[in-house]
file run14.txt (compact mmCIF, C-alpha atoms)
# COMPACT_ATOMS: atom_id res chain seq x y z
CA MET Q 15 -120.46 83.36 99.53
CA PHE Q 16 -121.12 80.04 97.96
CA THR Q 17 -122.80 78.76 101.10
CA LYS Q 18 -124.99 81.84 101.39
CA ALA Q 19 -126.03 81.60 97.74
CA ILE Q 20 -127.08 78.01 98.19
CA ARG Q 21 -128.94 78.94 101.35
CA VAL Q 22 -130.86 81.71 99.61
CA SER Q 23 -131.84 79.42 96.79
CA PHE Q 24 -133.13 76.89 99.31
CA ILE Q 25 -135.22 79.56 101.03
CA GLY Q 26 -136.66 80.65 97.68
CA GLU Q 27 -137.56 77.07 96.84
CA ASP Q 28 -139.26 76.67 100.23
CA LYS Q 29 -141.37 79.79 99.59
CA LYS Q 30 -142.40 78.51 96.16
CA LYS Q 31 -143.32 75.12 97.66
CA SER Q 32 -145.36 76.80 100.44
CA LYS Q 33 -147.19 78.93 97.88
CA ASN Q 34 -147.97 75.88 95.78
CA LYS Q 35 -149.28 74.03 98.84
CA THR Q 36 -151.71 76.80 99.93
CA ARG Q 37 -153.08 77.48 96.48
CA VAL Q 38 -156.52 76.00 95.79
CA PRO Q 39 -157.03 74.56 92.31
CA PRO Q 40 -159.61 76.52 90.27
CA GLU Q 41 -161.76 73.41 89.81
CA VAL Q 42 -162.02 72.85 93.57
CA ALA Q 43 -162.81 76.53 94.19
CA LEU Q 44 -165.54 76.45 91.56
CA ILE Q 45 -167.09 73.33 93.08
CA GLY Q 46 -167.00 74.97 96.53
CA LEU Q 47 -168.74 78.10 95.25
CA ILE Q 48 -171.41 76.03 93.52
CA PHE Q 49 -171.99 74.06 96.73
CA ILE Q 50 -172.28 77.21 98.84
CA GLY Q 51 -174.66 78.73 96.28
CA PHE Q 52 -176.74 75.54 96.38
CA LEU Q 53 -176.99 75.71 100.18
CA ILE Q 54 -178.04 79.37 100.11
CA SER Q 55 -180.66 78.72 97.41
CA THR Q 56 -182.03 75.74 99.32
CA TYR Q 57 -182.30 77.80 102.51
CA ILE Q 58 -184.14 80.62 100.72
CA LEU Q 59 -186.58 78.21 99.07
CA HIS Q 60 -187.17 76.42 102.36
CA SER Q 61 -187.80 79.72 104.17
CA ASN Q 62 -190.27 80.86 101.50
CA TYR Q 63 -192.12 77.54 101.61
CA THR Q 64 -192.27 77.49 105.41
CA GLY Q 65 -193.49 81.08 105.55
CA ALA Q 66 -196.12 80.44 102.89
CA GLU Q 67 -197.40 77.39 104.75
CA ALA Q 68 -197.46 79.19 108.09
CA TYR Q 69 -199.29 82.30 106.89
CA SER Q 70 -201.54 81.05 104.10
CA SER Q 71 -202.60 77.72 105.62
CA PRO Q 72 -203.23 78.32 109.33
CA SER Q 73 -205.01 75.72 111.42
CA ILE Q 74 -208.77 76.10 111.82
CA ILE Q 75 -209.20 73.63 114.67
CA MET Q 76 -206.64 73.78 117.49
CA SER Q 77 -206.16 72.44 120.99
CA ASN Q 78 -205.00 74.07 124.18
CA LYS Q 79 -204.44 73.22 127.85
CA ASP Q 80 -205.68 75.24 130.79
CA ARG Q 81 -203.86 75.87 134.05
CA TYR Q 82 -204.98 72.48 135.40
CA GLY Q 83 -203.64 70.56 132.40
CA ASN Q 84 -207.06 69.86 130.91
CA ARG Q 85 -207.09 69.74 127.11
CA HIS Q 86 -209.54 71.97 125.24
CA ILE Q 87 -210.45 71.70 121.57
CA ILE Q 88 -210.72 75.18 120.04
CA ASP Q 89 -213.26 74.95 117.23
CA ASP Q 90 -214.44 78.56 117.44
CA TYR Q 91 -213.04 79.61 114.06
CA ARG Q 92 -214.95 76.97 112.11
CA GLU Q 93 -218.13 77.57 114.10
CA ALA Q 94 -217.91 81.34 113.60
CA TYR Q 95 -217.38 81.00 109.85
CA TYR Q 96 -220.24 78.50 109.63
CA TRP Q 97 -222.52 80.86 111.58
CA LEU Q 98 -221.71 83.72 109.21
CA ARG Q 99 -222.44 81.52 106.20
CA MET Q 100 -225.78 80.31 107.54
CA ASN Q 101 -227.08 83.46 109.28
CA THR Q 102 -225.96 86.40 107.15
CA LYS Q 103 -226.99 87.61 103.72
CA ALA Q 104 -224.86 86.85 100.72
CA ASP Q 105 -224.00 90.52 100.19
CA ASP Q 106 -223.23 91.32 103.84
CA LYS Q 107 -219.79 92.77 104.60
CA ILE Q 108 -217.67 91.54 107.50
CA MET Q 109 -215.09 93.61 109.34
CA SER Q 110 -212.34 91.67 111.12
CA TRP Q 111 -208.60 91.83 111.50
CA TRP Q 112 -206.76 90.86 108.31
CA ASP Q 113 -205.65 87.46 109.72
CA TYR Q 114 -209.08 85.96 109.06
CA GLY Q 115 -209.82 87.54 105.69
CA TYR Q 116 -209.08 84.58 103.43
CA GLN Q 117 -210.80 82.15 105.80
CA ILE Q 118 -214.00 84.21 105.97
CA THR Q 119 -214.02 84.59 102.19
CA GLY Q 120 -213.40 80.88 101.59
CA MET Q 121 -215.48 79.29 104.33
CA SER Q 122 -218.26 81.85 104.84
CA ASN Q 123 -218.42 83.13 101.25
CA ARG Q 124 -218.72 86.70 102.51
CA THR Q 125 -217.03 89.97 101.57
CA VAL Q 126 -214.40 91.30 103.98
CA LEU Q 127 -212.82 94.74 104.31
CA VAL Q 128 -209.25 93.45 104.61
CA ASP Q 129 -207.65 90.08 104.03
CA ASN Q 130 -204.22 88.43 104.11
CA ASN Q 131 -203.16 90.38 101.04
CA THR Q 132 -201.82 93.22 103.20
CA TRP Q 133 -200.67 95.57 100.44
CA ASN Q 134 -203.27 98.23 101.30
CA ASN Q 135 -202.01 99.56 104.63
CA THR Q 136 -204.66 102.30 104.77
CA HIS Q 137 -207.51 99.77 104.77
CA ILE Q 138 -205.87 97.79 107.56
CA ALA Q 139 -205.20 100.97 109.53
CA THR Q 140 -208.89 101.91 109.16
CA VAL Q 141 -209.91 98.60 110.70
CA GLY Q 142 -207.40 99.28 113.48
CA LEU Q 143 -209.00 102.72 113.93
CA ALA Q 144 -212.45 101.20 114.28
CA MET Q 145 -211.29 98.53 116.73
CA SER Q 146 -209.47 101.06 118.90
CA SER Q 147 -212.26 103.66 118.90
CA SER Q 148 -215.19 103.90 121.30
CA GLU Q 149 -218.40 102.14 120.35
CA ASP Q 150 -220.12 105.30 119.11
CA GLU Q 151 -217.13 106.35 116.99
CA ALA Q 152 -216.63 102.81 115.72
CA TYR Q 153 -220.29 102.63 114.71
CA GLU Q 154 -219.88 105.72 112.54
CA ILE Q 155 -216.77 104.25 110.91
CA CYS Q 156 -218.50 100.93 110.24
CA ASP Q 157 -221.57 102.70 108.88
CA ARG Q 158 -219.35 104.73 106.56
CA LEU Q 159 -217.65 101.54 105.36
CA ASP Q 160 -221.02 99.78 104.91
CA VAL Q 161 -220.10 97.08 107.45
CA ASP Q 162 -222.82 94.68 108.55
CA TYR Q 163 -220.97 92.45 111.03
CA VAL Q 164 -217.81 92.64 113.13
CA LEU Q 165 -215.86 89.46 113.89
CA VAL Q 166 -213.61 89.36 116.96
CA ILE Q 167 -211.74 86.33 118.26
CA PHE Q 168 -211.59 86.19 122.07
CA GLY Q 169 -209.98 83.34 123.98
CA GLY Q 170 -210.71 84.29 127.56
CA LYS Q 171 -212.80 81.19 128.29
CA SER Q 172 -210.60 78.65 126.51
CA TYR Q 173 -207.26 80.20 127.56
CA TYR Q 174 -206.36 80.80 123.92
CA SER Q 175 -203.51 83.31 123.89
CA GLY Q 176 -203.57 84.04 120.16
CA ASP Q 177 -206.83 85.98 120.22
CA ASP Q 178 -207.48 89.54 119.07
CA ILE Q 179 -207.10 91.10 122.51
CA ASN Q 180 -203.47 89.95 122.44
CA LYS Q 181 -203.01 91.29 118.90
CA PHE Q 182 -204.74 94.54 119.74
CA LEU Q 183 -201.59 96.61 120.26
CA TRP Q 184 -200.63 95.88 116.65
CA MET Q 185 -204.00 97.21 115.55
CA VAL Q 186 -203.30 100.37 117.57
CA ARG Q 187 -199.79 100.72 116.14
CA ILE Q 188 -200.83 100.19 112.53
CA GLY Q 189 -203.83 102.47 112.97
CA GLY Q 190 -201.62 105.12 114.57
CA GLY Q 191 -199.28 104.97 111.59
CA VAL Q 192 -202.03 106.46 109.42
CA TYR Q 193 -204.26 108.22 111.96
CA SER Q 194 -201.92 110.27 114.12
CA TRP Q 195 -204.41 110.81 116.96
CA ILE Q 196 -204.20 107.12 117.93
CA LYS Q 197 -201.56 106.97 120.69
CA GLU Q 198 -200.30 103.63 121.98
CA GLU Q 199 -199.68 105.00 125.49
CA ASP Q 200 -203.40 105.79 125.84
CA TYR Q 201 -204.10 102.05 125.88
CA MET Q 202 -201.59 101.34 128.65
CA GLY Q 203 -202.50 100.98 132.31
CA ASN Q 204 -199.78 102.14 134.71
CA GLY Q 205 -197.29 101.99 131.86
CA TYR Q 206 -198.17 98.42 130.83
CA TYR Q 207 -200.64 96.76 128.49
CA ARG Q 208 -203.36 95.74 130.93
CA ILE Q 209 -206.80 94.17 130.55
CA ASP Q 210 -207.48 93.66 134.25
CA LYS Q 211 -208.78 96.14 136.86
CA HIS Q 212 -205.90 98.49 135.98
CA VAL Q 213 -207.02 98.78 132.35
CA SER Q 214 -206.84 102.30 130.96
CA GLU Q 215 -210.05 104.21 130.26
CA THR Q 216 -209.29 104.44 126.53
CA MET Q 217 -208.70 100.70 126.36
CA ALA Q 218 -211.86 99.90 128.32
CA GLN Q 219 -213.97 102.05 126.00
CA SER Q 220 -212.53 100.62 122.78
CA LEU Q 221 -214.66 98.48 120.49
CA MET Q 222 -212.19 95.59 120.80
CA TYR Q 223 -212.40 95.51 124.59
CA SER Q 224 -216.17 95.98 124.61
CA LEU Q 225 -216.80 93.13 122.16
CA SER Q 226 -214.29 90.79 123.80
CA TYR Q 227 -215.72 91.15 127.31
CA TYR Q 228 -219.37 91.61 126.39
CA ARG Q 229 -221.42 89.57 128.92
CA PHE Q 230 -218.26 87.75 129.94
CA ASP Q 231 -219.24 87.99 133.62
CA GLU Q 232 -222.27 85.80 132.88
CA ILE Q 233 -220.11 82.81 131.92
call {"tool": "encode", "arguments": {"input": "run14.txt", "output": "structure tokens"}}
result
Amino acid sequence: MFTKAIRVSFIGEDKKKSKNKTRVPPEVALIGLIFIGFLISTYILHSNYTGAEAYSSPSIIMSNKDRYGNRHIIDDYREAYYWLRMNTKADDKIMSWWDYGYQITGMSNRTVLVDNNTWNNTHIATVGLAMSSSEDEAYEICDRLDVDYVLVIFGGKSYYSGDDINKFLWMVRIGGGVYSWIKEEDYMGNGYYRIDKHVSETMAQSLMYSLSYYRFDEI
């Protein structure tokens, strides 16, 4: 009995020692929580800063390489904005996708229908409606919105893959979110988004396609 009692007491002491060893002091736990909170706050601030830089300060002049490795300087944005500033009236209104709104306002000093402040989804959807409609229908929409010029970025000659023809499906989707008769599948050719000889009839008749490939065969 005596031996067992001593043995039990030893086991109890071992448990107490093990509990004391695994217990983290409150000061250390507090420092750890502060450190983790600091890392999370830093990550959030960094993400906000990176996103703000990426979306509010895009590059105006870019470079690209074609299939042969030749480097091309893409200066079309600056030239287009300069042309608008020098060849349009001060009160003319420009319709373009929202990506270029702030740049047109700042560099061309012209009024735009939509800009990078994308809070008004209906306005953006209306631009998507005009871009995805046929030329006759788009003309009526632009006339109703008092639009004087339409700006479209097309990179077919310079192999620029970030042009409006590549963003066009987003215009269709956003437009279809407000105007239910816009169907994404109508702009697909053989089940895929095509701009080649298999392009769908709806896509080929859209304002975006017509403006992008206008006189392109003459180049």
call {"tool": "closest_residue", "arguments": {"input": "run14.txt", "among": "Q:Asp231, Q:Asp162, Q:Asp106, Q:Glu198", "to": "Met217 of chain Q", "atoms": "only C-alpha atoms"}}
result
Q:Glu198
call {"tool": "atom_distance", "arguments": {"input": "run14.txt", "atom1": "atom CA of Thr136 of chain Q", "atom2": "atom CA of Lys107 of chain Q"}}
result
17.9 Å
call {"tool": "atom_distance", "arguments": {"input": "run14.txt", "atom1": "atom CA of Tyr95 of chain Q", "atom2": "atom CA of Ile118 of chain Q"}}
result
6.1 Å
call {"tool": "closest_residue", "arguments": {"input": "run14.txt", "among": "Q:Ser110, Q:Thr125, Q:Asn204, Q:Thr140", "to": "Val164 of chain Q", "atoms": "all atoms listed in the file"}}
result
Q:Ser110
call {"tool": "residues_around", "arguments": {"input": "run14.txt", "residues": "Lys197 of chain Q", "least_positions_apart": "6", "cutoff": "9 Å", "atoms": "all atoms listed in the file", "output": "MDAnalysis selection string"}}
result
chainID Q and resid 186:187 190
call {"tool": "atom_distance", "arguments": {"input": "run14.txt", "atom1": "atom CA of Lys103 of chain Q", "atom2": "atom CA of Met145 of chain Q"}}
result
23.1 Å
call {"tool": "residues_near_point", "arguments": {"input": "run14.txt", "point": "(-213.0, 101.0, 114.8)", "cutoff": "7 Å", "atoms": "all atoms listed in the file", "output": "list in words"}}
result
Val141, Gly142, Leu143, Ala144, Met145, Ser146, Ser147, Ala152, Ile155 and Leu221 of chain Q
call {"tool": "residues_around", "arguments": {"input": "run14.txt", "residues": "Ile75 of chain Q", "least_positions_apart": "6", "cutoff": "10 Å", "atoms": "all atoms listed in the file", "output": "compact mmCIF listing (two decimals) with C-alpha atoms, keeping the file's coordinate frame"}}
result
# COMPACT_ATOMS: atom_id res chain seq x y z
CA ILE Q 87 -210.45 71.70 121.57
CA ILE Q 88 -210.72 75.18 120.04
CA ASP Q 89 -213.26 74.95 117.23
CA ASP Q 90 -214.44 78.56 117.44
CA TYR Q 91 -213.04 79.61 114.06
CA ARG Q 92 -214.95 76.97 112.11
CA GLU Q 93 -218.13 77.57 114.10
